[in-house]
Amino acid sequence: MASLTSKFSLKSVIPGGGHEHNPLTMSDDQILEQIISTHVNSDTKFDVGPLFSLVDNTLTRSTHIVDGVVQGSSQVSLEHVDDKSTQANFSSPLCTLRQISSEMQCKPPGEHVAHKTTMAILGKLSHYEWDAKAVLTLAAFAMEYGEFWLLAQQQPTDLLAKSVAMLKRVPILTKPASLQKHRQAIVELNSLTKSTLQVIELIFELEQFSSYDTKDVPALAAATEQIPLDVYWAIITIVAIVTQIDCLITESEHRQELSHYGQKINIILSKLRKQITLCRQQIEVARTYYKIRKVMQTPTETSEVLKLLIFSSDVSKPLYDGASRTTVSIDVLKKKNVYLFVSTLDITEEELSVVLKIHEAVKTKNQTDQYKIVWVPIVEEWTDQLRKRFEILKAKMPFFVVEHFGSVAGLKYIKEEWQFKKKPMVVTMNHQGKILHHNAFHLIHSWGIKAFPFTKTQEEEIHTSRQWVASIGSQMHPQIVTWFKEEKYIFFYGGHDKDWVQQFNKYATALANDALLKEKKILIELYHVEKENKNIFSTFWSGIESLFVTKAHKSAEEDDDVTKEVQKMLSYKNESGWALLSKGSEVILTGHGTTILKTVAEFEKWKEFVVTKGFEWSFKEYHEKAAKALHRCSHLEVPNVAGKLPERIRCPECPKTMEVYITYKCCHDEATPNAAR
């Protein structure tokens with residue numbers, strides 16, 4: 001609460017009535033400004049818990065007696081009312097309670113008087129925390145209210161109680177005629193007492209959450225910021241109830257209107273319940289998160305890790321086995337190596353095909369008994385439409401599926417530790433549940449079965465391979481696979497400028513048909529990655545993006561020629577033209593439209609070197625000269641995939657670090673089921 005002190009000026013409260021001190025017409029900011037000025041930050045600690053337990057006991061029994069009395073019962077049984085007191089040796093702050101009580105007694109009705117009284121009470125309790133202010137005021141009221149109705153119970157049989165009851169005017173309310181006359185007023189103030197008790201109980205509970213970090217429980221920040229205002233309304237409502245009781249027992253012609261306070265308390269009660277529920281949920285999520293983090297540091301068994309990660313209760317739900325079309329226990333994953341396929345329901349056929357590569361790799365390697373695939377669908381709020389979408393996707397998966405229509409218990413862990421960003425990811429786990437790759441999705445997409453068993457170690461082994469276009473090209477057209485096997489030179493080319501594409505095709509075709517190259521048996525093929533062919537275009541560029549992701553976390557010192565070529569290729573995605581030259585599946589170079597077109601168009605200028613130095617060397621040397629002569633900026637659009645993106649990326653064209661810009665994109669694809677995200 002200390003942070004609120006700086007939000008408002010510490011101006012003194014001017015006593016007196018008038019419109020400016022009517023809380024029903026004042027804004028929240030005006031009320032806050034006044035009540036914060038009464039608060040003094042102090043190291044004084046007061047154990048609110050034991051006092052609240054006694055107050056809760058007192059008011060629960062008192063309001064129960066009132067309920068019985070207004071229904072015509074002279075003796076109300078309290079045997080079934082739970083005893084919530086926690087400490088038998090509790091020492092009551094009696095003097096403080098009496099001081100508060102004296103502030104509330106025998107005040108005329110009216111909102112401005114209630115406000116003034118509330119400010120006086122807050123002034124007396126200036127060194128207490130906000131929940132303590134509320135509980136102490138409630139305790140002062142509970143002493144009087146509890147005694148009043150205790151005397152009402154005992155006076156028929158106890159002469160001392162009868163005498164004290166007369167002094168306190170108890171019979172004024174409890175005589176049958178008076179009770180009939182004031183029944184509605186008594187019911188109203190008793191109901192408001194119950195509601196105010198509930199509000200203060202929730203404020204007390206909310207304060208118990210203050211030990212949690214708002215990073216883990218974000219709802220706590222907004223909830224605790226409103227506590228001073230909620231405490232004010234709880235106290236002023238108690239003041240109004242006391243005034244109404246005084247009006248009734250003194251048989252005054254005036255009454256304290258309670259309906260406005262009732263409306264306010266009910267609004268606060270509803271709000272606090274929602275905030276408490278949300279805080280409890282977030283606290284449970286945080287506890288699960290830290291529990292998972294601890295377990296993941298020293299995991300011992302796969303199925304136990306998955307139970308904790310996926311299911312919120314101790315009883316885990318069964319898995320759907322896509323192979324047998326039956327449900328099975330999660331224990332089938334015990335001591336198995338597991339590939340966790342984590343995604344929303346918004347997955348494409350291409351993305352699903354990546355996971356099916358794992359399925360085929362496991363079958364090819366005859367490892368189906370040791371390696372299992374599990375789809376974990378991430379849906380934060382299920383609907384009938386999303387369930388239908390889930391069933392459609394489930395039917396396409398020949399492996400295990402988590403069929404759990406609730407929130408994934410470890411969602412916070414998956415988002416924060418695995419950096420899940422709604423894009424599909426594949427987490428590789430060994431039989432103990434140890435993570436061998438935090439996201440092998442792009443490794444699988446790029447290399448297929450060659451990267452089996454899709455671990456970080458395997459990724460390191462193939463990191464410098466120059467045959468990175470092999471997996472991409474083989475998915476685009478069967479003819480490309482043949483060209484790879486025949487070790488032909490291949491120009492993959494494309495771009496957004498149709499004129500450039502036509503020019504490149506013209507000069508590259510002339511180059512491929514040159515008599516000298518044919519004589520030297522240098523065979524060149526051309527493959528146009530057409531933007532208009534969405535399947536081919538998507539396959540090519542999603543493959544390049546996946547390759548980039550697998551290499552993005554290499555430090556600047558580890559940058560190798562392969563990584564630079566992949567980065568350069570990705571930087572050409574939105575350019576007017578580009579080309580990639582490979583020999584078989586081994587990449588020779590990648591080039592921007594301006595430099596690559598100049599190189600093929602001016603073949604006659606470097607043709608003679610082909611005889612002495614070879615085609616590859618001659619092409620690369622002339623292209624490097626062209627690149628140096630034609631200055632251009634490099635633009636690299638990084639896909640927002642799962643996993644942490646590198647903070648710095650070195651330019652693939654020069655030693656400098658690239659500047660960072662943020663781009664937002666929408667392709668207006670109505671087929672994308674956003675609800676699944």
# chains A, B, ... in the order shown; residues from 1 in each chain; ligands from 1
>>> residues_around(residues="Pro398 in chain A", least_positions_apart="4", cutoff="8 Å", atoms="only C-alpha atoms", output="PyMOL selection string")
chain A and resi 321-323
>>> residues_around(residues="Ser538 in chain A", least_positions_apart="4", cutoff="12 Å", atoms="only C-alpha atoms", output="ChimeraX atom specification")
/A:348-351,472,475-476,529-534,542-546,573
>>> select_by_dssp(residues="range 507-606 of chain A", states="strand (DSSP E or B)", output="mmCIF file with all heavy atoms, in the first residue's frame")
data_model
loop_
_atom_site.group_PDB
_atom_site.id
_atom_site.type_symbol
_atom_site.label_atom_id
_atom_site.label_comp_id
_atom_site.auth_asym_id
_atom_site.auth_seq_id
_atom_site.Cartn_x
_atom_site.Cartn_y
_atom_site.Cartn_z
ATOM 1 N N ILE A 524 23.316 -27.658 -66.326
ATOM 2 C CA ILE A 524 22.623 -26.685 -65.463
ATOM 3 C C ILE A 524 21.117 -26.784 -65.674
ATOM 4 O O ILE A 524 20.638 -26.794 -66.807
ATOM 5 C CB ILE A 524 23.096 -25.238 -65.763
ATOM 6 C CG1 ILE A 524 24.611 -25.108 -65.531
ATOM 7 C CG2 ILE A 524 22.331 -24.235 -64.891
ATOM 8 C CD1 ILE A 524 25.182 -23.767 -65.928
ATOM 9 N N GLU A 525 20.388 -26.852 -64.558
ATOM 10 C CA GLU A 525 18.926 -26.863 -64.596
ATOM 11 C C GLU A 525 18.404 -25.616 -63.880
ATOM 12 O O GLU A 525 19.058 -25.077 -62.986
ATOM 13 C CB GLU A 525 18.364 -28.119 -63.912
ATOM 14 C CG GLU A 525 18.809 -29.426 -64.523
ATOM 15 C CD GLU A 525 18.190 -29.702 -65.888
ATOM 16 O OE1 GLU A 525 17.268 -28.954 -66.287
ATOM 17 O OE2 GLU A 525 18.630 -30.662 -66.543
ATOM 18 N N LEU A 526 17.218 -25.192 -64.264
ATOM 19 C CA LEU A 526 16.584 -24.030 -63.648
ATOM 20 C C LEU A 526 15.276 -24.453 -62.978
ATOM 21 O O LEU A 526 14.522 -25.237 -63.561
ATOM 22 C CB LEU A 526 16.275 -22.937 -64.686
ATOM 23 C CG LEU A 526 17.411 -21.978 -65.086
ATOM 24 C CD1 LEU A 526 18.548 -22.720 -65.777
ATOM 25 C CD2 LEU A 526 16.870 -20.865 -65.976
ATOM 26 N N TYR A 527 15.048 -23.902 -61.773
ATOM 27 C CA TYR A 527 13.757 -24.158 -61.115
ATOM 28 C C TYR A 527 13.224 -22.845 -60.553
ATOM 29 O O TYR A 527 13.840 -22.228 -59.678
ATOM 30 C CB TYR A 527 13.883 -25.185 -59.989
ATOM 31 C CG TYR A 527 12.531 -25.615 -59.465
ATOM 32 C CD1 TYR A 527 11.846 -26.669 -60.065
ATOM 33 C CD2 TYR A 527 11.914 -24.932 -58.413
ATOM 34 C CE1 TYR A 527 10.584 -27.049 -59.613
ATOM 35 C CE2 TYR A 527 10.655 -25.303 -57.966
ATOM 36 C CZ TYR A 527 9.996 -26.358 -58.572
ATOM 37 O OH TYR A 527 8.747 -26.723 -58.146
ATOM 38 N N HIS A 528 12.086 -22.443 -61.086
ATOM 39 C CA HIS A 528 11.473 -21.178 -60.680
ATOM 40 C C HIS A 528 10.553 -21.396 -59.470
ATOM 41 O O HIS A 528 9.574 -22.140 -59.561
ATOM 42 C CB HIS A 528 10.669 -20.588 -61.853
ATOM 43 C CG HIS A 528 10.008 -19.284 -61.521
ATOM 44 N ND1 HIS A 528 8.919 -18.804 -62.223
ATOM 45 C CD2 HIS A 528 10.277 -18.351 -60.563
ATOM 46 C CE1 HIS A 528 8.555 -17.632 -61.715
ATOM 47 N NE2 HIS A 528 9.360 -17.345 -60.711
ATOM 48 N N TRP A 578 16.116 -13.013 -56.717
ATOM 49 C CA TRP A 578 17.144 -13.741 -55.991
ATOM 50 C C TRP A 578 17.410 -15.060 -56.711
ATOM 51 O O TRP A 578 16.604 -15.508 -57.534
ATOM 52 C CB TRP A 578 16.712 -14.040 -54.543
ATOM 53 C CG TRP A 578 15.432 -14.821 -54.461
ATOM 54 C CD1 TRP A 578 14.170 -14.315 -54.342
ATOM 55 C CD2 TRP A 578 15.281 -16.259 -54.566
ATOM 56 N NE1 TRP A 578 13.239 -15.318 -54.358
ATOM 57 C CE2 TRP A 578 13.889 -16.537 -54.488
ATOM 58 C CE3 TRP A 578 16.164 -17.327 -54.721
ATOM 59 C CZ2 TRP A 578 13.379 -17.820 -54.563
ATOM 60 C CZ3 TRP A 578 15.655 -18.616 -54.780
ATOM 61 C CH2 TRP A 578 14.282 -18.860 -54.700
ATOM 62 N N ALA A 579 18.533 -15.675 -56.380
ATOM 63 C CA ALA A 579 18.834 -17.004 -56.924
ATOM 64 C C ALA A 579 19.745 -17.759 -55.971
ATOM 65 O O ALA A 579 20.532 -17.155 -55.227
ATOM 66 C CB ALA A 579 19.483 -16.895 -58.294
ATOM 67 N N LEU A 580 19.595 -19.077 -55.991
ATOM 68 C CA LEU A 580 20.449 -19.967 -55.208
ATOM 69 C C LEU A 580 21.043 -20.973 -56.182
ATOM 70 O O LEU A 580 20.307 -21.611 -56.945
ATOM 71 C CB LEU A 580 19.621 -20.664 -54.135
ATOM 72 C CG LEU A 580 20.312 -21.674 -53.197
ATOM 73 C CD1 LEU A 580 19.550 -21.769 -51.873
ATOM 74 C CD2 LEU A 580 20.436 -23.081 -53.800
ATOM 75 N N LEU A 581 22.351 -21.109 -56.161
ATOM 76 C CA LEU A 581 23.036 -22.057 -57.043
ATOM 77 C C LEU A 581 23.565 -23.219 -56.219
ATOM 78 O O LEU A 581 24.251 -23.026 -55.221
ATOM 79 C CB LEU A 581 24.192 -21.377 -57.773
ATOM 80 C CG LEU A 581 25.065 -22.287 -58.651
ATOM 81 C CD1 LEU A 581 24.260 -22.893 -59.799
ATOM 82 C CD2 LEU A 581 26.279 -21.517 -59.184
ATOM 83 N N SER A 582 23.206 -24.435 -56.634
ATOM 84 C CA SER A 582 23.731 -25.612 -55.949
ATOM 85 C C SER A 582 24.310 -26.575 -56.974
ATOM 86 O O SER A 582 23.960 -26.535 -58.161
ATOM 87 C CB SER A 582 22.621 -26.315 -55.158
ATOM 88 O OG SER A 582 21.726 -26.990 -56.036
ATOM 89 N N LYS A 583 25.183 -27.442 -56.494
ATOM 90 C CA LYS A 583 25.651 -28.563 -57.310
ATOM 91 C C LYS A 583 25.133 -29.818 -56.622
ATOM 92 O O LYS A 583 25.577 -30.163 -55.534
ATOM 93 C CB LYS A 583 27.167 -28.601 -57.411
ATOM 94 C CG LYS A 583 27.639 -29.729 -58.338
ATOM 95 C CD LYS A 583 29.138 -29.751 -58.496
ATOM 96 C CE LYS A 583 29.523 -30.843 -59.506
ATOM 97 N NZ LYS A 583 30.986 -30.976 -59.662
ATOM 98 N N GLU A 586 24.339 -29.692 -52.733
ATOM 99 C CA GLU A 586 25.307 -28.854 -52.018
ATOM 100 C C GLU A 586 25.246 -27.424 -52.528
ATOM 101 O O GLU A 586 25.430 -27.165 -53.722
ATOM 102 C CB GLU A 586 26.718 -29.410 -52.184
ATOM 103 C CG GLU A 586 27.757 -28.629 -51.390
ATOM 104 C CD GLU A 586 29.124 -29.281 -51.423
ATOM 105 O OE1 GLU A 586 29.190 -30.523 -51.302
ATOM 106 O OE2 GLU A 586 30.121 -28.549 -51.587
ATOM 107 N N VAL A 587 24.974 -26.485 -51.609
ATOM 108 C CA VAL A 587 24.812 -25.081 -51.993
ATOM 109 C C VAL A 587 26.167 -24.454 -52.307
ATOM 110 O O VAL A 587 27.108 -24.544 -51.518
ATOM 111 C CB VAL A 587 24.107 -24.288 -50.868
ATOM 112 C CG1 VAL A 587 24.008 -22.814 -51.234
ATOM 113 C CG2 VAL A 587 22.717 -24.866 -50.607
ATOM 114 N N ILE A 588 26.221 -23.817 -53.477
ATOM 115 C CA ILE A 588 27.444 -23.115 -53.890
ATOM 116 C C ILE A 588 27.398 -21.678 -53.395
ATOM 117 O O ILE A 588 28.329 -21.190 -52.767
ATOM 118 C CB ILE A 588 27.614 -23.134 -55.427
ATOM 119 C CG1 ILE A 588 27.558 -24.578 -55.947
ATOM 120 C CG2 ILE A 588 28.907 -22.432 -55.827
ATOM 121 C CD1 ILE A 588 28.616 -25.488 -55.377
ATOM 122 N N LEU A 589 26.285 -20.970 -53.701
ATOM 123 C CA LEU A 589 26.125 -19.594 -53.229
ATOM 124 C C LEU A 589 24.671 -19.163 -53.356
ATOM 125 O O LEU A 589 23.864 -19.797 -54.037
ATOM 126 C CB LEU A 589 27.038 -18.624 -53.992
ATOM 127 C CG LEU A 589 26.871 -18.461 -55.514
ATOM 128 C CD1 LEU A 589 25.679 -17.585 -55.884
ATOM 129 C CD2 LEU A 589 28.129 -17.813 -56.099
ATOM 130 N N THR A 590 24.352 -18.072 -52.679
ATOM 131 C CA THR A 590 23.050 -17.418 -52.827
ATOM 132 C C THR A 590 23.327 -15.977 -53.232
ATOM 133 O O THR A 590 24.345 -15.391 -52.840
ATOM 134 C CB THR A 590 22.258 -17.431 -51.505
ATOM 135 O OG1 THR A 590 23.022 -16.750 -50.500
ATOM 136 C CG2 THR A 590 21.963 -18.848 -51.050
ATOM 137 N N GLY A 591 22.420 -15.388 -54.002
ATOM 138 C CA GLY A 591 22.682 -14.028 -54.470
ATOM 139 C C GLY A 591 21.438 -13.188 -54.617
ATOM 140 O O GLY A 591 20.351 -13.687 -54.944
ATOM 141 N N HIS A 592 21.593 -11.893 -54.370
ATOM 142 C CA HIS A 592 20.516 -10.937 -54.568
ATOM 143 C C HIS A 592 20.285 -10.733 -56.058
ATOM 144 O O HIS A 592 21.179 -10.938 -56.889
ATOM 145 C CB HIS A 592 20.883 -9.604 -53.898
ATOM 146 C CG HIS A 592 19.798 -8.588 -53.965
ATOM 147 N ND1 HIS A 592 19.708 -7.659 -54.971
ATOM 148 C CD2 HIS A 592 18.745 -8.354 -53.149
ATOM 149 C CE1 HIS A 592 18.638 -6.894 -54.776
ATOM 150 N NE2 HIS A 592 18.046 -7.296 -53.673
#
>>> select_by_dssp(residues="range 383-556 of chain A", states="helix (DSSP H, G or I)", output="PyMOL selection string")
chain A and resi 384-394+411-416+441-451+456-462+470-476+478-485+498-512+515-519+534-551+556
>>> atom_distance(atom1="CA of Asn366 in chain A", atom2="CA of Pro478 in chain A")
26.1 Å
>>> closest_atom_pairs(of="range 182-236 of chain A", to="range 30-51 of chain A", cutoff="10 Å", atoms="only C-alpha atoms", output="JSON lines")
{"residue": "A:Phe204", "atom": "CA", "partner": "A:Val48", "partner_atom": "CA", "distance": 8.0}
{"residue": "A:Glu205", "atom": "CA", "partner": "A:Gly49", "partner_atom": "CA", "distance": 9.7}
{"residue": "A:Gln208", "atom": "CA", "partner": "A:Gly49", "partner_atom": "CA", "distance": 9.8}
{"residue": "A:Gln226", "atom": "CA", "partner": "A:Leu32", "partner_atom": "CA", "distance": 9.4}
{"residue": "A:Pro228", "atom": "CA", "partner": "A:Leu32", "partner_atom": "CA", "distance": 7.3}
{"residue": "A:Leu229", "atom": "CA", "partner": "A:Leu32", "partner_atom": "CA", "distance": 6.3}
{"residue": "A:Val231", "atom": "CA", "partner": "A:Ile35", "partner_atom": "CA", "distance": 9.8}
{"residue": "A:Tyr232", "atom": "CA", "partner": "A:Ile35", "partner_atom": "CA", "distance": 7.5}
{"residue": "A:Trp233", "atom": "CA", "partner": "A:Ile31", "partner_atom": "CA", "distance": 9.9}
>>> write_last_selection(atoms="N, CA, C and O atoms", output="PDB file, in the first residue's frame")
ATOM      1  N   PHE A 204      -8.914  -9.281   3.886  1.00  0.00           N
ATOM      2  CA  PHE A 204      -7.920  -9.968   4.711  1.00  0.00           C
ATOM      3  C   PHE A 204      -7.223 -11.066   3.906  1.00  0.00           C
ATOM      4  O   PHE A 204      -5.999 -11.219   3.948  1.00  0.00           O
ATOM      5  N   GLU A 205      -8.004 -11.834   3.152  1.00  0.00           N
ATOM      6  CA  GLU A 205      -7.427 -12.903   2.330  1.00  0.00           C
ATOM      7  C   GLU A 205      -6.526 -12.330   1.243  1.00  0.00           C
ATOM      8  O   GLU A 205      -5.447 -12.869   0.961  1.00  0.00           O
ATOM      9  N   GLN A 208      -3.202 -11.563   2.414  1.00  0.00           N
ATOM     10  CA  GLN A 208      -2.370 -12.749   2.622  1.00  0.00           C
ATOM     11  C   GLN A 208      -1.602 -13.117   1.360  1.00  0.00           C
ATOM     12  O   GLN A 208      -0.587 -13.807   1.408  1.00  0.00           O
ATOM     13  N   GLN A 226      -6.788  -1.255  -4.983  1.00  0.00           N
ATOM     14  CA  GLN A 226      -8.131  -0.811  -4.608  1.00  0.00           C
ATOM     15  C   GLN A 226      -8.456  -1.055  -3.133  1.00  0.00           C
ATOM     16  O   GLN A 226      -9.505  -0.619  -2.653  1.00  0.00           O
ATOM     17  N   PRO A 228      -7.395   0.245  -0.180  1.00  0.00           N
ATOM     18  CA  PRO A 228      -7.741   1.403   0.664  1.00  0.00           C
ATOM     19  C   PRO A 228      -9.177   1.879   0.449  1.00  0.00           C
ATOM     20  O   PRO A 228      -9.884   2.195   1.425  1.00  0.00           O
ATOM     21  N   LEU A 229      -9.599   1.926  -0.800  1.00  0.00           N
ATOM     22  CA  LEU A 229     -10.960   2.369  -1.100  1.00  0.00           C
ATOM     23  C   LEU A 229     -11.987   1.366  -0.575  1.00  0.00           C
ATOM     24  O   LEU A 229     -13.029   1.749  -0.017  1.00  0.00           O
ATOM     25  N   VAL A 231     -11.575  -0.666   1.958  1.00  0.00           N
ATOM     26  CA  VAL A 231     -11.567  -0.550   3.416  1.00  0.00           C
ATOM     27  C   VAL A 231     -12.418   0.641   3.858  1.00  0.00           C
ATOM     28  O   VAL A 231     -13.185   0.559   4.821  1.00  0.00           O
ATOM     29  N   TYR A 232     -12.276   1.748   3.141  1.00  0.00           N
ATOM     30  CA  TYR A 232     -13.072   2.943   3.460  1.00  0.00           C
ATOM     31  C   TYR A 232     -14.562   2.612   3.423  1.00  0.00           C
ATOM     32  O   TYR A 232     -15.304   2.944   4.355  1.00  0.00           O
ATOM     33  N   TRP A 233     -14.996   1.950   2.350  1.00  0.00           N
ATOM     34  CA  TRP A 233     -16.425   1.652   2.216  1.00  0.00           C
ATOM     35  C   TRP A 233     -16.891   0.631   3.247  1.00  0.00           C
ATOM     36  O   TRP A 233     -18.038   0.685   3.706  1.00  0.00           O
TER      37      TRP A 233
END
>>> residues_around(residues="range 596-600 of chain A", least_positions_apart="3", cutoff="8 Å", atoms="only C-alpha atoms", output="ChimeraX atom specification")
/A:503-504,507-508,511,578-579,591-593,603,619,622-623,626
>>> atom_distance(atom1="CA of Gln297 in chain A", atom2="CA of Val401 in chain A")
25.5 Å
>>> closest_residue(among="A:Gln502, A:Ala601, A:Val342, A:Glu616", to="Ile490 in chain A", atoms="only C-alpha atoms")
A:Glu616
>>> closest_residue(among="A:Gln275, A:Ser343, A:Thr137, A:Gln282", to="Trp375 in chain A", atoms="only C-alpha atoms")
A:Ser343
>>> closest_residue(among="A:Lys215, A:Lys412, A:His442, A:His254", to="Thr288 in chain A", atoms="only C-alpha atoms")
A:Lys412
>>> closest_residue(among="A:Glu207, A:Glu602, A:Glu304, A:Asp246", to="Phe148 in chain A", atoms="only C-alpha atoms")
A:Asp246
>>> residues_around(residues="Ala221 in chain A", least_positions_apart="2", cutoff="12 Å", atoms="only C-alpha atoms", output="VMD selection string")
chain A and resid 1 3 to 4 206 to 207 209 to 219 223 to 227 275 to 276 278 to 279
>>> atom_distance(atom1="CA of Gln370 in chain A", atom2="CA of Glu301 in chain A")
13.7 Å
>>> residues_around(residues="Phe484 in chain A", least_positions_apart="2", cutoff="6 Å", atoms="only C-alpha atoms", output="list in words")
Val481, Thr482, Glu486, Glu487, Gly584 and Ser585 of chain A
>>> write_last_selection(atoms="all heavy atoms", output="CSV table (one decimal), in the first residue's frame")
chain,number,residue,atom,x,y,z
A,481,VAL,N,14.8,-34.1,-57.0
A,481,VAL,CA,15.5,-35.2,-56.4
A,481,VAL,C,16.5,-35.9,-57.4
A,481,VAL,O,17.6,-36.2,-57.1
A,481,VAL,CB,14.5,-36.2,-55.8
A,481,VAL,CG1,15.3,-37.4,-55.1
A,481,VAL,CG2,13.6,-35.5,-54.8
A,482,THR,N,16.0,-36.0,-58.6
A,482,THR,CA,16.8,-36.7,-59.7
A,482,THR,C,18.0,-35.8,-60.0
A,482,THR,O,19.1,-36.3,-60.1
A,482,THR,CB,15.9,-36.8,-61.0
A,482,THR,OG1,14.8,-37.6,-60.6
A,482,THR,CG2,16.7,-37.5,-62.0
A,486,GLU,N,22.0,-36.7,-59.7
A,486,GLU,CA,22.8,-36.6,-60.9
A,486,GLU,C,23.9,-35.5,-60.8
A,486,GLU,O,24.7,-35.3,-61.7
A,486,GLU,CB,22.0,-36.3,-62.1
A,486,GLU,CG,21.0,-37.4,-62.5
A,486,GLU,CD,20.1,-37.1,-63.6
A,486,GLU,OE1,20.0,-35.8,-64.0
A,486,GLU,OE2,19.4,-38.0,-64.2
A,487,GLU,N,23.9,-34.9,-59.6
A,487,GLU,CA,25.0,-33.9,-59.3
A,487,GLU,C,24.9,-32.7,-60.3
A,487,GLU,O,26.0,-32.2,-60.7
A,487,GLU,CB,26.4,-34.5,-59.3
A,487,GLU,CG,26.6,-35.4,-58.1
A,487,GLU,CD,26.7,-34.7,-56.8
A,487,GLU,OE1,27.5,-33.7,-56.7
A,487,GLU,OE2,26.0,-35.0,-55.8
A,584,GLY,N,24.2,-30.5,-57.3
A,584,GLY,CA,23.4,-31.5,-56.5
A,584,GLY,C,22.7,-30.8,-55.4
A,584,GLY,O,22.0,-29.8,-55.6
A,585,SER,N,22.8,-31.4,-54.2
A,585,SER,CA,22.2,-30.7,-53.1
A,585,SER,C,23.1,-29.9,-52.3
A,585,SER,O,22.7,-29.3,-51.2
A,585,SER,CB,21.6,-31.8,-52.2
A,585,SER,OG,22.6,-32.7,-51.7
>>> closest_residue(among="A:Ser465, A:Thr58, A:Thr364, A:Asn505", to="Gly577 in chain A", atoms="only C-alpha atoms")
A:Asn505
>>> residues_around(residues="Ser353 in chain A", least_positions_apart="3", cutoff="12 Å", atoms="only C-alpha atoms", output="short mmCIF file (atom, residue, chain, number, x, y, z; two decimals) with N, CA, C and O atoms, in the first residue's frame")
data_model
loop_
_atom_site.label_atom_id
_atom_site.label_comp_id
_atom_site.auth_asym_id
_atom_site.auth_seq_id
_atom_site.Cartn_x
_atom_site.Cartn_y
_atom_site.Cartn_z
N PHE A 341 4.74 -32.86 -29.33
CA PHE A 341 4.32 -31.95 -30.39
C PHE A 341 3.33 -30.96 -29.75
O PHE A 341 2.20 -31.32 -29.43
N ILE A 347 -3.09 -25.34 -36.97
CA ILE A 347 -1.91 -25.91 -37.62
C ILE A 347 -2.25 -26.28 -39.06
O ILE A 347 -3.36 -26.69 -39.36
N THR A 348 -1.27 -26.12 -39.93
CA THR A 348 -1.48 -26.39 -41.35
C THR A 348 -1.10 -27.82 -41.68
O THR A 348 -0.47 -28.52 -40.88
N GLU A 349 -1.48 -28.25 -42.87
CA GLU A 349 -1.11 -29.59 -43.34
C GLU A 349 0.41 -29.72 -43.43
O GLU A 349 0.99 -30.77 -43.13
N GLU A 350 1.06 -28.62 -43.84
CA GLU A 350 2.52 -28.65 -43.96
C GLU A 350 3.17 -28.84 -42.59
O GLU A 350 4.13 -29.61 -42.44
N LEU A 356 4.78 -35.80 -38.93
CA LEU A 356 4.65 -37.12 -39.54
C LEU A 356 6.01 -37.65 -40.00
O LEU A 356 6.21 -38.86 -40.10
N LYS A 357 6.95 -36.73 -40.25
CA LYS A 357 8.32 -37.16 -40.59
C LYS A 357 8.96 -37.90 -39.42
O LYS A 357 9.72 -38.85 -39.62
N ILE A 358 8.65 -37.46 -38.20
CA ILE A 358 9.16 -38.16 -37.02
C ILE A 358 8.58 -39.57 -36.99
O ILE A 358 9.30 -40.55 -36.75
N HIS A 359 7.28 -39.64 -37.24
CA HIS A 359 6.59 -40.93 -37.23
C HIS A 359 7.23 -41.89 -38.23
O HIS A 359 7.48 -43.06 -37.91
N GLU A 360 7.51 -41.38 -39.43
CA GLU A 360 8.12 -42.22 -40.46
C GLU A 360 9.56 -42.58 -40.10
O GLU A 360 10.01 -43.70 -40.34
N LYS A 396 -6.31 -37.27 -37.89
CA LYS A 396 -5.18 -37.30 -38.85
C LYS A 396 -3.88 -37.76 -38.21
O LYS A 396 -2.87 -37.88 -38.89
N MET A 397 -3.90 -37.99 -36.90
CA MET A 397 -2.65 -38.25 -36.19
C MET A 397 -2.52 -39.72 -35.80
O MET A 397 -3.28 -40.21 -34.96
N PRO A 398 -1.53 -40.43 -36.36
CA PRO A 398 -1.33 -41.85 -36.05
C PRO A 398 -0.47 -42.06 -34.81
O PRO A 398 0.26 -43.04 -34.71
N PRO A 424 3.87 -24.12 -33.90
CA PRO A 424 4.16 -25.51 -33.50
C PRO A 424 5.60 -25.70 -33.04
O PRO A 424 6.52 -25.06 -33.58
N PHE A 441 11.41 -28.80 -34.00
CA PHE A 441 10.49 -28.69 -35.14
C PHE A 441 11.22 -28.25 -36.40
O PHE A 441 11.05 -28.84 -37.48
N ILE A 444 13.72 -30.84 -37.77
CA ILE A 444 13.02 -31.91 -38.50
C ILE A 444 12.55 -31.40 -39.86
O ILE A 444 12.67 -32.09 -40.88
N HIS A 445 12.02 -30.18 -39.87
CA HIS A 445 11.53 -29.58 -41.11
C HIS A 445 12.66 -29.45 -42.12
O HIS A 445 12.48 -29.69 -43.32
N GLY A 448 14.73 -33.59 -41.97
CA GLY A 448 14.00 -34.84 -42.01
C GLY A 448 14.70 -35.95 -41.25
O GLY A 448 15.33 -35.72 -40.21
N GLN A 475 10.95 -31.80 -51.35
CA GLN A 475 9.52 -31.65 -51.09
C GLN A 475 8.80 -30.87 -52.19
O GLN A 475 7.57 -30.88 -52.24
N THR A 539 6.48 -23.94 -49.19
CA THR A 539 7.42 -25.02 -48.84
C THR A 539 8.86 -24.52 -48.85
O THR A 539 9.64 -24.80 -47.93
#
